[in-house]
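Here is the structure we will look at.
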Amino acid sequence: MKRYKIISFLILMIVFSVSCKKDVFNDTSFVKNAASSSKLSVMFDITHDNTGLVTITPNGEGAVSYDIYYGDATAGFLSVAAGKNTQHIYVEGDYTVKVVAHDIKGGTATFTQQLTVAFQAPENLKVNVAINSVAVTVSATALYETLFKVYWGDSSNINPVPFTSFLEGQTVTHTYTTAGTFIVKVVALSGGAATSEYLDTIKVASQIDLPVTFDDPKVDYTVSDFGGNRSSIAADPVTSGNNVLKSVKTGGAQVWAGTTIGTALGFATKIPITPATSRMTVRVYSPAAGLDVKLKIEDHNDNTHSVETDVKTTLANQWEMLTFDFKNQATGTAAIDYTYNYDKASIFFDFGNPGAGGVFYCDDLMMATVTLAQINLPVTFEDAKVDYAMTDFGGNNTTLTTDPSNNANHVMMSTKTSGAQVWAGTTIGTAAGFSSAIPLTSSATKMTVRVYSPAAGIDVKLKVEDHNNGANSVETDAITTLANQWETLTFDFSSPASGTPSWNPSFTYDKASIFFDFGKGGDGRVYYWDDVQMAAAVPSSQINLPVNFEDPNIDYTMTDFGNNVTVDAIDPVVTTNHVKLTTKPAGAQTWAGTTIGTPLGFATPIAFTAGRLKMTVRVYSPAAGIDVKLKVEDHNDPTRSVETDVLTTVANQWETLTFDFSQPASGTASWNPSFTYDKASIFFDFGNTGDGRVYYWDDVKFL
């Protein structure tokens, strides 16, 4: 079996050797008989995306390869095999493409074909034109564009017409030198001759605003007539080169015919009407004197918010300046409201009479020129000729506003903003202070300010100083006694605040500052104030028993000590009655009190006798059980004194307390018939530290 397998393998190898013998072909006669290149052609496939990409595919019979000559500036040629193609990018134009075909015999044939590359116009051109006054911005998008050009329409007289180029995704801006209507043209370029265009007619101008001169080429001086008026921009009848508004009150025009100076949108900004700047002026050229010219201002969003006033012409066929004060509104019309947004003005010529064809010219509408006087005492905030600019510091914010209880009165409103300094305040005027020195003297040491506070018990400080030397100052405090009501606070500079300089008669005090809630950080509360002035002259008559606080000829000055604060007040029950209000502030001394009068005491001694040793005081206390002490003494010798105490029995009601000096307070001196007692002091909640509670009192009598 093994021999059989070896023999079979040898036979197989012999057969394999015979079958692998190489064939040799030497016959090339068929090449000589092959066909030459013929029937040549070329196919062009041009993309439609304006890239200029062309696919060139040569064809023919008998060709095995082709040489492609592109016909543009490309040097040489590119060879491609039969059945293949090539791509080439052309710019727009006409080209002769040459194809050289090579056959298998080595022969060649040449063919040329014209190629035209033309780009299509950009499509879906979208343009965004944004107008802001006389500035215009343009951006655009399109398909197949390579570049945009924008022609702004304001230089058509220049050759070539200037333009601005930009690409997709960019924004270009142009500022016109004059107001007007222009045609903006945006051209989208394709990279070739084909283009697409966009046209937009736009109107550019700055919105009219004060002052109105009719001479600014960038401003839209469109006006709006009504009631039969007919107005236009015209030449000044007197001064050539000046533009003015010409208004014709046509025959039969309404008695209320007029012209809004601008469009229904009014002015670009609010008319700056304030109590100190309530006047506007207009130059007017009228055909007659004595004609009523009305000027009306309003909110263009709410024409019920308006105010109007009238002035009569005084000249005929001459220019004159008319001044309109909106504080003096026309009879039967709304008064000015400084909280309104007045931003539109209308003028009415020969108001109240029907039109008769009269021609009027006007120009230079503006706020009246105001030369304001320096602030001075008394300060009332009512004089339009005074500069009521305030100077805030420390976080205060003060503005002129209307009285919260009388909208015909003007006051200052100070907000001690959240986080304001403990010393935040307001200088009454500018850093220059008052126009003349405050007339403080040894007999005139007081000033008063009307205050409307959000709470009682607020410390209000008034400080006066030399505007040239702030170290020359004196300051004093008063405590509010009412909430959300007006009260007059009196500041006595003969009693300066603790730790501060005393009044010095050799100093000049010509500047004042007011501080609300002094010593505490701002919490956003609002304070109104008005009528800063010297206090009324002190009556000449010395205080005497009985004391009722009703005689205007008596000096009811009180003398506080131990941090007590006593002020004039209205009876909390009977509003026609005058009383004293004493606050024992938080932290006041246990012995804090008030001398009834000055250190001189009463005009005559108290007529004590052994059988008559009682006095009474009416008291309105916040609680029952309060210890009230009354002490009498010799104003020349305070060691000669006697004092006694009484407890209140009712809360928040009037009661009459009787003080019997035959029963002096424990540990104090007894009445001495040989002493003169001509001075009295009252102490509320004696023996306890002050807690801010308030006490009213009246009618101090000797029984």
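Residue numbering restarts at 1 in every chain; chains get A, B, ... in the order shown in the structure tokens, and ligands count up from 1 in that same order.
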
Pick out each residue of region 390-570 of chain A that DSSP on the backbone tags as strand (DSSP E); I need them as a ChimeraX atom specification.
-> /A:391-393,396-403,406-416,425-427,446-452,459-466,469-479,486-492,511-516,526-534,559-561,565-570

Near region 520-526 of chain A, within 9 Å and counting only C-alpha atoms, which residues show up once chain neighbours fewer than 6 positions away are dropped, as a PyMOL selection string?
-> chain A and resi 395-396+413-424+452-454

Output N, CA and C atoms for every residue in the selection just made, as a PDB file, in the first residue's frame.
ATOM      1  N   GLY A 395     -25.840 110.028  51.965  1.00  0.00           N
ATOM      2  CA  GLY A 395     -26.864 109.093  51.503  1.00  0.00           C
ATOM      3  C   GLY A 395     -28.269 109.661  51.519  1.00  0.00           C
ATOM      4  N   ASN A 396     -28.434 110.928  51.889  1.00  0.00           N
ATOM      5  CA  ASN A 396     -29.741 111.577  51.794  1.00  0.00           C
ATOM      6  C   ASN A 396     -30.115 111.812  50.338  1.00  0.00           C
ATOM      7  N   MET A 413     -38.706 117.261  50.053  1.00  0.00           N
ATOM      8  CA  MET A 413     -38.903 115.885  50.516  1.00  0.00           C
ATOM      9  C   MET A 413     -37.530 115.230  50.626  1.00  0.00           C
ATOM     10  N   SER A 414     -37.174 114.847  51.844  1.00  0.00           N
ATOM     11  CA  SER A 414     -35.882 114.203  52.084  1.00  0.00           C
ATOM     12  C   SER A 414     -36.100 112.737  52.427  1.00  0.00           C
ATOM     13  N   THR A 415     -35.420 111.874  51.682  1.00  0.00           N
ATOM     14  CA  THR A 415     -35.448 110.445  51.969  1.00  0.00           C
ATOM     15  C   THR A 415     -34.105 110.052  52.557  1.00  0.00           C
ATOM     16  N   LYS A 416     -34.145 109.500  53.772  1.00  0.00           N
ATOM     17  CA  LYS A 416     -32.913 108.978  54.367  1.00  0.00           C
ATOM     18  C   LYS A 416     -32.825 107.519  53.920  1.00  0.00           C
ATOM     19  N   THR A 417     -32.144 107.330  52.795  1.00  0.00           N
ATOM     20  CA  THR A 417     -32.172 106.044  52.102  1.00  0.00           C
ATOM     21  C   THR A 417     -31.619 104.924  52.973  1.00  0.00           C
ATOM     22  N   SER A 418     -32.056 103.706  52.674  1.00  0.00           N
ATOM     23  CA  SER A 418     -31.578 102.546  53.418  1.00  0.00           C
ATOM     24  C   SER A 418     -30.053 102.486  53.353  1.00  0.00           C
ATOM     25  N   GLY A 419     -29.454 102.385  54.519  1.00  0.00           N
ATOM     26  CA  GLY A 419     -27.994 102.335  54.578  1.00  0.00           C
ATOM     27  C   GLY A 419     -27.325 103.687  54.627  1.00  0.00           C
ATOM     28  N   ALA A 420     -28.114 104.777  54.586  1.00  0.00           N
ATOM     29  CA  ALA A 420     -27.507 106.116  54.676  1.00  0.00           C
ATOM     30  C   ALA A 420     -26.777 106.261  56.012  1.00  0.00           C
ATOM     31  N   GLN A 421     -25.779 107.141  56.027  1.00  0.00           N
ATOM     32  CA  GLN A 421     -24.978 107.357  57.229  1.00  0.00           C
ATOM     33  C   GLN A 421     -25.830 107.900  58.382  1.00  0.00           C
ATOM     34  N   VAL A 422     -25.379 107.659  59.598  1.00  0.00           N
ATOM     35  CA  VAL A 422     -26.104 108.198  60.756  1.00  0.00           C
ATOM     36  C   VAL A 422     -26.132 109.719  60.702  1.00  0.00           C
ATOM     37  N   TRP A 423     -25.140 110.314  60.044  1.00  0.00           N
ATOM     38  CA  TRP A 423     -25.051 111.771  59.938  1.00  0.00           C
ATOM     39  C   TRP A 423     -25.560 112.297  58.595  1.00  0.00           C
ATOM     40  N   ALA A 424     -26.274 111.480  57.845  1.00  0.00           N
ATOM     41  CA  ALA A 424     -26.795 111.929  56.550  1.00  0.00           C
ATOM     42  C   ALA A 424     -27.689 113.150  56.735  1.00  0.00           C
ATOM     43  N   TYR A 452     -42.846 117.474  58.567  1.00  0.00           N
ATOM     44  CA  TYR A 452     -43.879 116.430  58.455  1.00  0.00           C
ATOM     45  C   TYR A 452     -43.135 115.109  58.507  1.00  0.00           C
ATOM     46  N   SER A 453     -43.177 114.502  59.690  1.00  0.00           N
ATOM     47  CA  SER A 453     -42.350 113.321  59.957  1.00  0.00           C
ATOM     48  C   SER A 453     -43.192 112.048  59.924  1.00  0.00           C
ATOM     49  N   PRO A 454     -42.595 110.896  59.573  1.00  0.00           N
ATOM     50  CA  PRO A 454     -43.354 109.636  59.571  1.00  0.00           C
ATOM     51  C   PRO A 454     -43.620 109.099  60.973  1.00  0.00           C
TER      52      PRO A 454
END

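Considering only C-alpha atoms, the residue among A:Ala384, A:Val370, A:Met534, A:Val411 positioned nearest to Met447 (chain A) is A:Met534.
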
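With CA of Val307 (chain A) on one side and CA of Ile233 (chain A) on the other, the separation reads 26.1 Å.
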
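The list of residues with at least one atom within 7 Å of Val632 (chain A), based on only C-alpha atoms and without residues fewer than 5 positions apart in the same chain, reads A:Ser641, A:Val642, A:Glu643, A:Tyr677, A:Lys679, A:Ala680, A:Ser681.
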
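Considering the residues A:Thr476, A:Thr260, A:Thr644, A:Thr371 and counting only C-alpha atoms, Phe491 (chain A) has its shortest atom-to-atom contact with A:Thr476.
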
Select from region 320-357 of chain A every residue with an atom at most 8 Å from any atom of region 247-257 of chain A, then for each give the shortest pair of atoms and their distance in Å to one decimal, using only C-alpha atoms, rows by chain and rising number, as JSON lines.
{"residue": "A:Phe348", "atom": "CA", "partner": "A:Ala257", "partner_atom": "CA", "distance": 6.3}
{"residue": "A:Phe349", "atom": "CA", "partner": "A:Lys249", "partner_atom": "CA", "distance": 7.5}
{"residue": "A:Asp350", "atom": "CA", "partner": "A:Val255", "partner_atom": "CA", "distance": 7.9}
{"residue": "A:Phe351", "atom": "CA", "partner": "A:Trp256", "partner_atom": "CA", "distance": 5.9}
{"residue": "A:Gly352", "atom": "CA", "partner": "A:Val255", "partner_atom": "CA", "distance": 4.6}
{"residue": "A:Asn353", "atom": "CA", "partner": "A:Val255", "partner_atom": "CA", "distance": 4.6}
{"residue": "A:Pro354", "atom": "CA", "partner": "A:Val255", "partner_atom": "CA", "distance": 4.3}
{"residue": "A:Gly355", "atom": "CA", "partner": "A:Ala253", "partner_atom": "CA", "distance": 4.3}
{"residue": "A:Ala356", "atom": "CA", "partner": "A:Gly251", "partner_atom": "CA", "distance": 4.2}
{"residue": "A:Gly357", "atom": "CA", "partner": "A:Thr250", "partner_atom": "CA", "distance": 4.2}

Hey, what's within 9 Å of Asn124 (chain A) if we count only C-alpha atoms and toss same-chain stuff fewer than 3 positions away? As a list in words, please?
->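 The contact residues come out as Thr141, Ala142 and Leu143 of chain A.
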
Suppose we keep C-alpha atoms; can you now write the selection as an mmCIF file, in the first residue's frame?
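Okay, this is what ended up in part.cif:
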data_model
loop_
_atom_site.group_PDB
_atom_site.id
_atom_site.type_symbol
_atom_site.label_atom_id
_atom_site.label_comp_id
_atom_site.auth_asym_id
_atom_site.auth_seq_id
_atom_site.Cartn_x
_atom_site.Cartn_y
_atom_site.Cartn_z
ATOM 1 C CA THR A 141 -28.457 87.656 3.944
ATOM 2 C CA ALA A 142 -28.843 85.848 0.580
ATOM 3 C CA LEU A 143 -28.050 82.620 -1.232
#

Can you list, as a PyMOL selection string, every protein, DNA or RNA residue that comes within 12 Å of Ala665 (chain A) when you count only C-alpha atoms, leaving out same-chain residues fewer than 3 positions away?
-> chain A and resi 627-631+641-646+659-662+668-671+686

Can you tell me, as a CSV table (one decimal) with N, CA and C atoms, in the first residue's frame, what residues are no more than 6 Å from Ala592 (chain A) when counting only C-alpha atoms, ignoring any on the same chain fewer than 2 positions away?
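Final file, part.csv:
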chain,number,residue,atom,x,y,z
A,561,PHE,N,-33.5,120.1,81.2
A,561,PHE,CA,-32.2,119.6,81.8
A,561,PHE,C,-32.3,118.1,81.9
A,562,GLY,N,-31.2,117.4,82.0
A,562,GLY,CA,-31.1,116.0,82.1
A,562,GLY,C,-31.6,115.2,80.9
A,564,ASN,N,-34.2,116.1,79.0
A,564,ASN,CA,-35.6,116.3,78.6
A,564,ASN,C,-35.7,117.1,77.4
A,589,GLN,N,-31.8,111.3,82.1
A,589,GLN,CA,-31.4,111.1,83.5
A,589,GLN,C,-32.7,110.8,84.3
A,590,THR,N,-32.5,110.1,85.4
A,590,THR,CA,-33.6,109.9,86.3
A,590,THR,C,-34.2,111.2,86.9

Write out, as CSV, each residue of region 353-389 of chain A that has an atom at most 10 Å from region 312-332 of chain A, together with the closest pair of atoms and their distance in Å to one decimal, counting only C-alpha atoms, rows going by chain and rising number.
residue,atom,partner,partner_atom,distance
A:Val359,CA,A:Asn317,CA,10.0
A:Phe360,CA,A:Asn317,CA,9.0
A:Tyr361,CA,A:Trp319,CA,8.7
A:Cys362,CA,A:Trp319,CA,8.6
A:Asp363,CA,A:Met321,CA,9.5
A:Asp364,CA,A:Met321,CA,9.2
A:Leu365,CA,A:Leu322,CA,9.8
A:Met366,CA,A:Thr323,CA,9.9
A:Met367,CA,A:Thr323,CA,9.3
A:Ala368,CA,A:Thr323,CA,7.2
A:Ala384,CA,A:Lys327,CA,9.5

Interatomic distance (Å, one decimal) between CA of Tyr221 (chain A) and CA of Ile208 (chain A) =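 Distance reported for this atom pair: 6.4 Å.
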
Proximity to Ala437 (chain A) - best of A:Pro58, A:Pro378, A:Pro217, A:Pro404, only C-alpha atoms =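 Closest candidate: A:Pro378.
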
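Counting only C-alpha atoms and comparing A:Leu210, A:Ala478, A:Ala444, A:Ile158, the residue that lies closest to Gly262 (chain A) is A:Leu210.
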
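Relative to CA of Ala569 (chain A), CA of Asn688 (chain A) is found at 24.2 Å.
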